[in-house]
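Participant: File start36.pdb below, PDB, N, CA and C atoms, pLDDT in the B column:
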ATOM      1  N   MET A   1       0.850  -1.173   0.000  1.00 53.00           N
ATOM      2  CA  MET A   1       0.000   0.000   0.000  1.00 53.00           C
ATOM      3  C   MET A   1       0.893   1.232   0.000  1.00 53.00           C
ATOM      4  N   SER A   2       0.594   2.176  -0.860  1.00 59.00           N
ATOM      5  CA  SER A   2       1.419   3.372  -0.945  1.00 59.00           C
ATOM      6  C   SER A   2       1.112   4.314   0.215  1.00 59.00           C
ATOM      7  N   THR A   3       2.000   5.268   0.402  1.00 61.00           N
ATOM      8  CA  THR A   3       1.853   6.209   1.502  1.00 61.00           C
ATOM      9  C   THR A   3       0.592   7.059   1.342  1.00 61.00           C
ATOM     10  N   SER A   4       0.285   7.486   0.123  1.00 64.00           N
ATOM     11  CA  SER A   4      -0.906   8.315  -0.086  1.00 64.00           C
ATOM     12  C   SER A   4      -2.184   7.514   0.180  1.00 64.00           C
ATOM     13  N   ALA A   5      -2.198   6.244  -0.179  1.00 59.00           N
ATOM     14  CA  ALA A   5      -3.366   5.406   0.092  1.00 59.00           C
ATOM     15  C   ALA A   5      -3.537   5.215   1.596  1.00 59.00           C
ATOM     16  N   LEU A   6      -2.421   5.089   2.300  1.00 55.00           N
ATOM     17  CA  LEU A   6      -2.473   4.953   3.752  1.00 55.00           C
ATOM     18  C   LEU A   6      -2.998   6.239   4.395  1.00 55.00           C
ATOM     19  N   GLN A   7      -2.586   7.365   3.882  1.00 60.00           N
ATOM     20  CA  GLN A   7      -3.066   8.647   4.398  1.00 60.00           C
ATOM     21  C   GLN A   7      -4.566   8.808   4.148  1.00 60.00           C
ATOM     22  N   LYS A   8      -5.030   8.372   2.976  1.00 58.00           N
ATOM     23  CA  LYS A   8      -6.458   8.428   2.673  1.00 58.00           C
ATOM     24  C   LYS A   8      -7.252   7.541   3.629  1.00 58.00           C
ATOM     25  N   ALA A   9      -6.715   6.369   3.918  1.00 56.00           N
ATOM     26  CA  ALA A   9      -7.392   5.451   4.834  1.00 56.00           C
ATOM     27  C   ALA A   9      -7.469   6.039   6.233  1.00 56.00           C
ATOM     28  N   LYS A  10      -6.414   6.677   6.685  1.00 58.00           N
ATOM     29  CA  LYS A  10      -6.431   7.316   8.004  1.00 58.00           C
ATOM     30  C   LYS A  10      -7.398   8.490   8.017  1.00 58.00           C
ATOM     31  N   GLY A  11      -7.463   9.238   6.933  1.00 58.00           N
ATOM     32  CA  GLY A  11      -8.383  10.368   6.836  1.00 58.00           C
ATOM     33  C   GLY A  11      -9.835   9.928   6.786  1.00 58.00           C
ATOM     34  N   PHE A  12     -10.091   8.753   6.196  1.00 59.00           N
ATOM     35  CA  PHE A  12     -11.458   8.236   6.098  1.00 59.00           C
ATOM     36  C   PHE A  12     -12.042   7.984   7.480  1.00 59.00           C
ATOM     37  N   LYS A  13     -11.208   7.489   8.385  1.00 58.00           N
ATOM     38  CA  LYS A  13     -11.674   7.180   9.738  1.00 58.00           C
ATOM     39  C   LYS A  13     -12.194   8.435  10.436  1.00 58.00           C
ATOM     40  N   LYS A  14     -11.648   9.583  10.121  1.00 68.00           N
ATOM     41  CA  LYS A  14     -12.062  10.829  10.757  1.00 68.00           C
ATOM     42  C   LYS A  14     -13.015  11.639   9.888  1.00 68.00           C
ATOM     43  N   SER A  15     -13.496  11.059   8.798  1.00 82.00           N
ATOM     44  CA  SER A  15     -14.441  11.758   7.927  1.00 82.00           C
ATOM     45  C   SER A  15     -15.861  11.480   8.399  1.00 82.00           C
ATOM     46  N   LYS A  16     -16.815  12.229   7.852  1.00 85.00           N
ATOM     47  CA  LYS A  16     -18.227  12.000   8.195  1.00 85.00           C
ATOM     48  C   LYS A  16     -18.650  10.593   7.807  1.00 85.00           C
ATOM     49  N   THR A  17     -18.282  10.172   6.624  1.00 86.00           N
ATOM     50  CA  THR A  17     -18.655   8.844   6.149  1.00 86.00           C
ATOM     51  C   THR A  17     -18.052   7.759   7.039  1.00 86.00           C
ATOM     52  N   GLY A  18     -16.798   7.925   7.387  1.00 86.00           N
ATOM     53  CA  GLY A  18     -16.141   6.963   8.266  1.00 86.00           C
ATOM     54  C   GLY A  18     -16.782   6.913   9.646  1.00 86.00           C
ATOM     55  N   THR A  19     -17.198   8.073  10.141  1.00 88.00           N
ATOM     56  CA  THR A  19     -17.844   8.126  11.451  1.00 88.00           C
ATOM     57  C   THR A  19     -19.212   7.466  11.397  1.00 88.00           C
ATOM     58  N   TYR A  20     -19.965   7.718  10.328  1.00 88.00           N
ATOM     59  CA  TYR A  20     -21.265   7.039  10.176  1.00 88.00           C
ATOM     60  C   TYR A  20     -21.079   5.526  10.090  1.00 88.00           C
ATOM     61  N   LEU A  21     -20.065   5.101   9.379  1.00 90.00           N
ATOM     62  CA  LEU A  21     -19.779   3.671   9.263  1.00 90.00           C
ATOM     63  C   LEU A  21     -19.429   3.077  10.627  1.00 90.00           C
ATOM     64  N   SER A  22     -18.649   3.802  11.405  1.00 89.00           N
ATOM     65  CA  SER A  22     -18.291   3.343  12.743  1.00 89.00           C
ATOM     66  C   SER A  22     -19.515   3.246  13.647  1.00 89.00           C
ATOM     67  N   ILE A  23     -20.418   4.213  13.545  1.00 88.00           N
ATOM     68  CA  ILE A  23     -21.656   4.176  14.332  1.00 88.00           C
ATOM     69  C   ILE A  23     -22.468   2.941  13.944  1.00 88.00           C
ATOM     70  N   GLY A  24     -22.565   2.681  12.650  1.00 89.00           N
ATOM     71  CA  GLY A  24     -23.331   1.528  12.175  1.00 89.00           C
ATOM     72  C   GLY A  24     -22.752   0.211  12.650  1.00 89.00           C
ATOM     73  N   THR A  25     -21.436   0.072  12.556  1.00 90.00           N
ATOM     74  CA  THR A  25     -20.826  -1.192  12.977  1.00 90.00           C
ATOM     75  C   THR A  25     -20.887  -1.365  14.491  1.00 90.00           C
ATOM     76  N   THR A  26     -20.778  -0.267  15.218  1.00 87.00           N
ATOM     77  CA  THR A  26     -20.895  -0.339  16.675  1.00 87.00           C
ATOM     78  C   THR A  26     -22.315  -0.714  17.075  1.00 87.00           C
ATOM     79  N   ALA A  27     -23.288  -0.099  16.435  1.00 85.00           N
ATOM     80  CA  ALA A  27     -24.687  -0.414  16.733  1.00 85.00           C
ATOM     81  C   ALA A  27     -25.025  -1.846  16.314  1.00 85.00           C
ATOM     82  N   PHE A  28     -24.395  -2.324  15.249  1.00 87.00           N
ATOM     83  CA  PHE A  28     -24.619  -3.703  14.808  1.00 87.00           C
ATOM     84  C   PHE A  28     -24.196  -4.695  15.887  1.00 87.00           C
ATOM     85  N   GLY A  29     -23.181  -4.343  16.663  1.00 88.00           N
ATOM     86  CA  GLY A  29     -22.748  -5.177  17.773  1.00 88.00           C
ATOM     87  C   GLY A  29     -23.816  -5.325  18.842  1.00 88.00           C
ATOM     88  N   ALA A  30     -24.748  -4.387  18.881  1.00 91.00           N
ATOM     89  CA  ALA A  30     -25.837  -4.442  19.863  1.00 91.00           C
ATOM     90  C   ALA A  30     -26.730  -5.660  19.630  1.00 91.00           C
ATOM     91  N   ILE A  31     -26.809  -6.131  18.401  1.00 92.00           N
ATOM     92  CA  ILE A  31     -27.651  -7.298  18.095  1.00 92.00           C
ATOM     93  C   ILE A  31     -27.153  -8.517  18.858  1.00 92.00           C
ATOM     94  N   SER A  32     -25.847  -8.743  18.848  1.00 93.00           N
ATOM     95  CA  SER A  32     -25.308  -9.907  19.562  1.00 93.00           C
ATOM     96  C   SER A  32     -25.472  -9.736  21.072  1.00 93.00           C
ATOM     97  N   VAL A  33     -25.368  -8.518  21.565  1.00 95.00           N
ATOM     98  CA  VAL A  33     -25.555  -8.275  22.999  1.00 95.00           C
ATOM     99  C   VAL A  33     -27.005  -8.542  23.395  1.00 95.00           C
ATOM    100  N   LEU A  34     -27.944  -8.143  22.536  1.00 95.00           N
ATOM    101  CA  LEU A  34     -29.356  -8.412  22.825  1.00 95.00           C
ATOM    102  C   LEU A  34     -29.636  -9.915  22.846  1.00 95.00           C
ATOM    103  N   LYS A  35     -29.045 -10.643  21.903  1.00 95.00           N
ATOM    104  CA  LYS A  35     -29.201 -12.100  21.887  1.00 95.00           C
ATOM    105  C   LYS A  35     -28.614 -12.721  23.149  1.00 95.00           C
ATOM    106  N   GLN A  36     -27.453 -12.219  23.559  1.00 96.00           N
ATOM    107  CA  GLN A  36     -26.801 -12.721  24.765  1.00 96.00           C
ATOM    108  C   GLN A  36     -27.666 -12.460  25.989  1.00 96.00           C
ATOM    109  N   ALA A  37     -28.250 -11.277  26.087  1.00 96.00           N
ATOM    110  CA  ALA A  37     -29.097 -10.933  27.226  1.00 96.00           C
ATOM    111  C   ALA A  37     -30.358 -11.793  27.252  1.00 96.00           C
ATOM    112  N   LYS A  38     -30.952 -12.001  26.083  1.00 97.00           N
ATOM    113  CA  LYS A  38     -32.166 -12.816  26.004  1.00 97.00           C
ATOM    114  C   LYS A  38     -31.878 -14.252  26.452  1.00 97.00           C
ATOM    115  N   LYS A  39     -30.760 -14.804  25.981  1.00 97.00           N
ATOM    116  CA  LYS A  39     -30.395 -16.167  26.353  1.00 97.00           C
ATOM    117  C   LYS A  39     -30.095 -16.254  27.849  1.00 97.00           C
ATOM    118  N   ALA A  40     -29.396 -15.256  28.376  1.00 97.00           N
ATOM    119  CA  ALA A  40     -29.056 -15.254  29.801  1.00 97.00           C
ATOM    120  C   ALA A  40     -30.315 -15.178  30.666  1.00 97.00           C
ATOM    121  N   ARG A  41     -31.283 -14.375  30.224  1.00 97.00           N
ATOM    122  CA  ARG A  41     -32.534 -14.277  30.981  1.00 97.00           C
ATOM    123  C   ARG A  41     -33.301 -15.585  30.956  1.00 97.00           C
ATOM    124  N   SER A  42     -33.337 -16.225  29.803  1.00 97.00           N
ATOM    125  CA  SER A  42     -34.086 -17.485  29.706  1.00 97.00           C
ATOM    126  C   SER A  42     -33.427 -18.600  30.519  1.00 97.00           C
ATOM    127  N   GLU A  43     -32.100 -18.539  30.657  1.00 97.00           N
ATOM    128  CA  GLU A  43     -31.375 -19.552  31.418  1.00 97.00           C
ATOM    129  C   GLU A  43     -31.154 -19.136  32.876  1.00 97.00           C
ATOM    130  N   HIS A  44     -31.641 -17.956  33.236  1.00 97.00           N
ATOM    131  CA  HIS A  44     -31.463 -17.403  34.588  1.00 97.00           C
ATOM    132  C   HIS A  44     -29.983 -17.351  34.976  1.00 97.00           C
ATOM    133  N   ASP A  45     -29.150 -16.933  34.017  1.00 97.00           N
ATOM    134  CA  ASP A  45     -27.701 -16.840  34.221  1.00 97.00           C
ATOM    135  C   ASP A  45     -27.355 -15.382  34.530  1.00 97.00           C
ATOM    136  N   THR A  46     -27.224 -15.078  35.808  1.00 97.00           N
ATOM    137  CA  THR A  46     -26.997 -13.701  36.255  1.00 97.00           C
ATOM    138  C   THR A  46     -25.664 -13.151  35.758  1.00 97.00           C
ATOM    139  N   LEU A  47     -24.650 -13.976  35.758  1.00 98.00           N
ATOM    140  CA  LEU A  47     -23.327 -13.507  35.341  1.00 98.00           C
ATOM    141  C   LEU A  47     -23.315 -13.126  33.855  1.00 98.00           C
ATOM    142  N   ARG A  48     -23.926 -13.941  33.012  1.00 97.00           N
ATOM    143  CA  ARG A  48     -23.995 -13.600  31.581  1.00 97.00           C
ATOM    144  C   ARG A  48     -24.882 -12.384  31.347  1.00 97.00           C
ATOM    145  N   LEU A  49     -25.926 -12.255  32.134  1.00 97.00           N
ATOM    146  CA  LEU A  49     -26.795 -11.078  32.009  1.00 97.00           C
ATOM    147  C   LEU A  49     -26.025  -9.817  32.392  1.00 97.00           C
ATOM    148  N   LEU A  50     -25.238  -9.891  33.450  1.00 97.00           N
ATOM    149  CA  LEU A  50     -24.403  -8.758  33.858  1.00 97.00           C
ATOM    150  C   LEU A  50     -23.401  -8.412  32.765  1.00 97.00           C
ATOM    151  N   ASP A  51     -22.816  -9.434  32.147  1.00 97.00           N
ATOM    152  CA  ASP A  51     -21.875  -9.216  31.045  1.00 97.00           C
ATOM    153  C   ASP A  51     -22.572  -8.500  29.883  1.00 97.00           C
ATOM    154  N   ALA A  52     -23.792  -8.909  29.582  1.00 96.00           N
ATOM    155  CA  ALA A  52     -24.540  -8.276  28.494  1.00 96.00           C
ATOM    156  C   ALA A  52     -24.853  -6.821  28.821  1.00 96.00           C
ATOM    157  N   VAL A  53     -25.209  -6.544  30.062  1.00 96.00           N
ATOM    158  CA  VAL A  53     -25.519  -5.160  30.472  1.00 96.00           C
ATOM    159  C   VAL A  53     -24.277  -4.281  30.354  1.00 96.00           C
ATOM    160  N   ILE A  54     -23.141  -4.793  30.804  1.00 97.00           N
ATOM    161  CA  ILE A  54     -21.895  -4.025  30.718  1.00 97.00           C
ATOM    162  C   ILE A  54     -21.495  -3.818  29.258  1.00 97.00           C
ATOM    163  N   SER A  55     -21.682  -4.836  28.431  1.00 96.00           N
ATOM    164  CA  SER A  55     -21.380  -4.701  26.994  1.00 96.00           C
ATOM    165  C   SER A  55     -22.295  -3.667  26.348  1.00 96.00           C
ATOM    166  N   ALA A  56     -23.564  -3.669  26.732  1.00 95.00           N
ATOM    167  CA  ALA A  56     -24.507  -2.688  26.184  1.00 95.00           C
ATOM    168  C   ALA A  56     -24.104  -1.272  26.588  1.00 95.00           C
ATOM    169  N   ALA A  57     -23.640  -1.112  27.820  1.00 96.00           N
ATOM    170  CA  ALA A  57     -23.179   0.205  28.271  1.00 96.00           C
ATOM    171  C   ALA A  57     -21.955   0.658  27.464  1.00 96.00           C
ATOM    172  N   ALA A  58     -21.068  -0.278  27.166  1.00 95.00           N
ATOM    173  CA  ALA A  58     -19.886   0.054  26.365  1.00 95.00           C
ATOM    174  C   ALA A  58     -20.289   0.463  24.947  1.00 95.00           C
ATOM    175  N   ILE A  59     -21.261  -0.218  24.382  1.00 94.00           N
ATOM    176  CA  ILE A  59     -21.741   0.124  23.039  1.00 94.00           C
ATOM    177  C   ILE A  59     -22.390   1.503  23.050  1.00 94.00           C
ATOM    178  N   ALA A  60     -23.221   1.769  24.058  1.00 94.00           N
ATOM    179  CA  ALA A  60     -23.887   3.072  24.152  1.00 94.00           C
ATOM    180  C   ALA A  60     -22.865   4.194  24.294  1.00 94.00           C
ATOM    181  N   THR A  61     -21.834   3.965  25.093  1.00 95.00           N
ATOM    182  CA  THR A  61     -20.780   4.964  25.260  1.00 95.00           C
ATOM    183  C   THR A  61     -20.022   5.182  23.949  1.00 95.00           C
ATOM    184  N   GLY A  62     -19.722   4.098  23.255  1.00 92.00           N
ATOM    185  CA  GLY A  62     -19.021   4.210  21.970  1.00 92.00           C
ATOM    186  C   GLY A  62     -19.820   4.989  20.946  1.00 92.00           C
ATOM    187  N   VAL A  63     -21.118   4.710  20.872  1.00 92.00           N
ATOM    188  CA  VAL A  63     -21.969   5.449  19.929  1.00 92.00           C
ATOM    189  C   VAL A  63     -22.035   6.925  20.317  1.00 92.00           C
ATOM    190  N   ALA A  64     -22.148   7.211  21.624  1.00 93.00           N
ATOM    191  CA  ALA A  64     -22.194   8.608  22.079  1.00 93.00           C
ATOM    192  C   ALA A  64     -20.905   9.349  21.712  1.00 93.00           C
ATOM    193  N   LEU A  65     -19.771   8.690  21.866  1.00 92.00           N
ATOM    194  CA  LEU A  65     -18.501   9.311  21.491  1.00 92.00           C
ATOM    195  C   LEU A  65     -18.434   9.570  19.985  1.00 92.00           C
ATOM    196  N   LEU A  66     -18.939   8.628  19.194  1.00 91.00           N
ATOM    197  CA  LEU A  66     -18.928   8.803  17.739  1.00 91.00           C
ATOM    198  C   LEU A  66     -19.873   9.918  17.306  1.00 91.00           C
ATOM    199  N   VAL A  67     -21.018  10.026  17.965  1.00 91.00           N
ATOM    200  CA  VAL A  67     -21.953  11.117  17.651  1.00 91.00           C
ATOM    201  C   VAL A  67     -21.317  12.457  17.992  1.00 91.00           C
ATOM    202  N   ARG A  68     -20.619  12.513  19.129  1.00 92.00           N
ATOM    203  CA  ARG A  68     -19.914  13.751  19.495  1.00 92.00           C
ATOM    204  C   ARG A  68     -18.869  14.097  18.442  1.00 92.00           C
ATOM    205  N   GLU A  69     -18.141  13.104  17.961  1.00 89.00           N
ATOM    206  CA  GLU A  69     -17.143  13.324  16.908  1.00 89.00           C
ATOM    207  C   GLU A  69     -17.813  13.820  15.624  1.00 89.00           C
ATOM    208  N   LEU A  70     -18.965  13.254  15.313  1.00 87.00           N
ATOM    209  CA  LEU A  70     -19.704  13.674  14.126  1.00 87.00           C
ATOM    210  C   LEU A  70     -20.123  15.136  14.235  1.00 87.00           C
ATOM    211  N   LYS A  71     -20.568  15.536  15.419  1.00 88.00           N
ATOM    212  CA  LYS A  71     -20.936  16.944  15.636  1.00 88.00           C
ATOM    213  C   LYS A  71     -19.719  17.844  15.500  1.00 88.00           C
ATOM    214  N   ARG A  72     -18.566  17.385  15.998  1.00 86.00           N
ATOM    215  CA  ARG A  72     -17.342  18.175  15.887  1.00 86.00           C
ATOM    216  C   ARG A  72     -16.939  18.342  14.434  1.00 86.00           C
ATOM    217  N   ILE A  73     -17.061  17.272  13.678  1.00 83.00           N
ATOM    218  CA  ILE A  73     -16.750  17.343  12.252  1.00 83.00           C
ATOM    219  C   ILE A  73     -17.698  18.322  11.576  1.00 83.00           C
ATOM    220  N   GLY A  74     -18.976  18.273  11.947  1.00 78.00           N
ATOM    221  CA  GLY A  74     -19.966  19.183  11.374  1.00 78.00           C
ATOM    222  C   GLY A  74     -19.687  20.634  11.716  1.00 78.00           C
ATOM    223  N   ASP A  75     -19.200  20.898  12.928  1.00 70.00           N
ATOM    224  CA  ASP A  75     -18.874  22.267  13.338  1.00 70.00           C
ATOM    225  C   ASP A  75     -17.689  22.812  12.569  1.00 70.00           C
ATOM    226  N   ASP A  76     -16.768  21.931  12.192  1.00 61.00           N
ATOM    227  CA  ASP A  76     -15.593  22.350  11.427  1.00 61.00           C
ATOM    228  C   ASP A  76     -15.908  22.578   9.949  1.00 61.00           C
ATOM    229  N   ASP A  77     -17.021  22.047   9.484  1.00 53.00           N
ATOM    230  CA  ASP A  77     -17.394  22.129   8.077  1.00 53.00           C
ATOM    231  C   ASP A  77     -18.048  23.473   7.794  1.00 53.00           C
ATOM    232  N   VAL A  78     -17.458  24.253   6.918  1.00 48.00           N
ATOM    233  CA  VAL A  78     -17.960  25.589   6.599  1.00 48.00           C
ATOM    234  C   VAL A  78     -19.342  25.506   5.966  1.00 48.00           C
ATOM    235  N   LEU A  79     -19.577  24.512   5.113  1.00 48.00           N
ATOM    236  CA  LEU A  79     -20.847  24.386   4.433  1.00 48.00           C
ATOM    237  C   LEU A  79     -21.933  23.861   5.364  1.00 48.00           C
ATOM    238  N   PHE A  80     -21.551  23.141   6.405  1.00 48.00           N
ATOM    239  CA  PHE A  80     -22.528  22.507   7.285  1.00 48.00           C
ATOM    240  C   PHE A  80     -23.212  23.500   8.207  1.00 48.00           C
ATOM    241  N   GLY A  81     -22.478  24.429   8.740  1.00 45.00           N
ATOM    242  CA  GLY A  81     -23.123  25.273   9.722  1.00 45.00           C
ATOM    243  C   GLY A  81     -22.652  26.663   9.706  1.00 45.00           C
TER     244      GLY A  81
END
Would it be possible to restate this file's structure as structure tokens?
Facilitator:
Amino acid sequence: MSTSALQKAKGFKKSKTGTYLSIGTTAFGAISVLKQAKKARSEHDTLRLLDAVISAAAIATGVALLVRELKRIGDDDVLFG
């Protein structure tokens, strides 16, 4: 991979599109956490349920951080605001 392609890839992560993609993939992880919580509840497994709750909190925090980053990107955009 050339240096310019690497720079583009690093820039994509901090772009609006990259941030939206990160939000989507992070939120997609919520599906497995919901399945884990449902299974833990049906099996009355408190430890797995606690793990699912903590994982859900981590996902919510990650999405909140990405939304904040998206707002920051929007504030820096002359055309946006």
Participant: Pick from A:Arg48, A:Leu34, A:Ala27, A:Asp75: nearest to Ala60 (chain A), with only C-alpha atoms counted?
Facilitator: A:Ala27
Participant: Hey, can you check how far CA of Val67 (chain A) sits from atom C of Ile54 (chain A)?
Facilitator: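 For CA of Val67 (chain A) relative to atom C of Ile54 (chain A), the distance reads 18.9 Å.
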Participant: Counting only C-alpha atoms, what is within 8 Å of Glu69 (chain A), bar same-chain residues fewer than 4 positions away, as a ChimeraX atom specification?
Facilitator: /A:19,65,73
Participant: Pick from A:Ile23, A:Gln36, A:Lys71, A:Gly18: nearest to Ala52 (chain A), with only C-alpha atoms counted?
Facilitator: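 Closest candidate: A:Gln36.
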Participant: Tell me, in Å to one decimal, how far atom C of His44 (chain A) is from atom N of Phe28 (chain A).
Facilitator: 25.4 Å
Participant: Pick the closest to Ala56 (chain A) from A:Arg72, A:Val33, A:Glu43, A:Thr17: which is it, counting only N, CA and C atoms?
Facilitator: A:Val33
Participant: Any idea what the distance is between CA of Val53 (chain A) and CA of Leu70 (chain A)?
Facilitator: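 For CA of Val53 (chain A) relative to CA of Leu70 (chain A), the distance reads 25.6 Å.
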Participant: Please output region 22-31 of chain A, rebuilt to include all heavy atoms, as a compact mmCIF listing (two decimals), keeping the file's coordinate frame.
Facilitator:
# COMPACT_ATOMS: atom_id res chain seq x y z
N SER A 22 -18.65 3.80 11.40
CA SER A 22 -18.29 3.34 12.74
C SER A 22 -19.52 3.25 13.65
O SER A 22 -19.65 2.30 14.43
CB SER A 22 -17.27 4.29 13.38
OG SER A 22 -16.06 4.25 12.69
N ILE A 23 -20.42 4.21 13.54
CA ILE A 23 -21.66 4.18 14.33
C ILE A 23 -22.47 2.94 13.94
O ILE A 23 -22.98 2.23 14.80
CB ILE A 23 -22.48 5.47 14.13
CG1 ILE A 23 -21.78 6.64 14.83
CG2 ILE A 23 -23.90 5.30 14.70
CD1 ILE A 23 -22.40 7.99 14.51
N GLY A 24 -22.56 2.68 12.65
CA GLY A 24 -23.33 1.53 12.18
C GLY A 24 -22.75 0.21 12.65
O GLY A 24 -23.48 -0.67 13.13
N THR A 25 -21.44 0.07 12.56
CA THR A 25 -20.83 -1.19 12.98
C THR A 25 -20.89 -1.36 14.49
O THR A 25 -21.07 -2.47 14.98
CB THR A 25 -19.37 -1.31 12.50
OG1 THR A 25 -18.62 -0.18 12.97
CG2 THR A 25 -19.29 -1.39 11.00
N THR A 26 -20.78 -0.27 15.22
CA THR A 26 -20.90 -0.34 16.68
C THR A 26 -22.32 -0.71 17.08
O THR A 26 -22.53 -1.57 17.94
CB THR A 26 -20.50 1.00 17.32
OG1 THR A 26 -19.17 1.33 16.93
CG2 THR A 26 -20.56 0.93 18.82
N ALA A 27 -23.29 -0.10 16.43
CA ALA A 27 -24.69 -0.41 16.73
C ALA A 27 -25.02 -1.85 16.31
O ALA A 27 -25.84 -2.51 16.96
CB ALA A 27 -25.61 0.58 16.03
N PHE A 28 -24.40 -2.32 15.25
CA PHE A 28 -24.62 -3.70 14.81
C PHE A 28 -24.20 -4.70 15.89
O PHE A 28 -24.80 -5.76 16.04
CB PHE A 28 -23.86 -3.96 13.50
CG PHE A 28 -24.19 -5.26 12.86
CD1 PHE A 28 -25.42 -5.46 12.25
CD2 PHE A 28 -23.28 -6.31 12.86
CE1 PHE A 28 -25.73 -6.68 11.66
CE2 PHE A 28 -23.57 -7.52 12.27
CZ PHE A 28 -24.81 -7.71 11.67
N GLY A 29 -23.18 -4.34 16.66
CA GLY A 29 -22.75 -5.18 17.77
C GLY A 29 -23.82 -5.32 18.84
O GLY A 29 -23.82 -6.28 19.61
N ALA A 30 -24.75 -4.39 18.88
CA ALA A 30 -25.84 -4.44 19.86
C ALA A 30 -26.73 -5.66 19.63
O ALA A 30 -27.32 -6.18 20.58
CB ALA A 30 -26.65 -3.16 19.81
N ILE A 31 -26.81 -6.13 18.40
CA ILE A 31 -27.65 -7.30 18.10
C ILE A 31 -27.15 -8.52 18.86
O ILE A 31 -27.94 -9.23 19.48
CB ILE A 31 -27.68 -7.56 16.57
CG1 ILE A 31 -28.39 -6.41 15.86
CG2 ILE A 31 -28.36 -8.89 16.27
CD1 ILE A 31 -28.29 -6.46 14.36
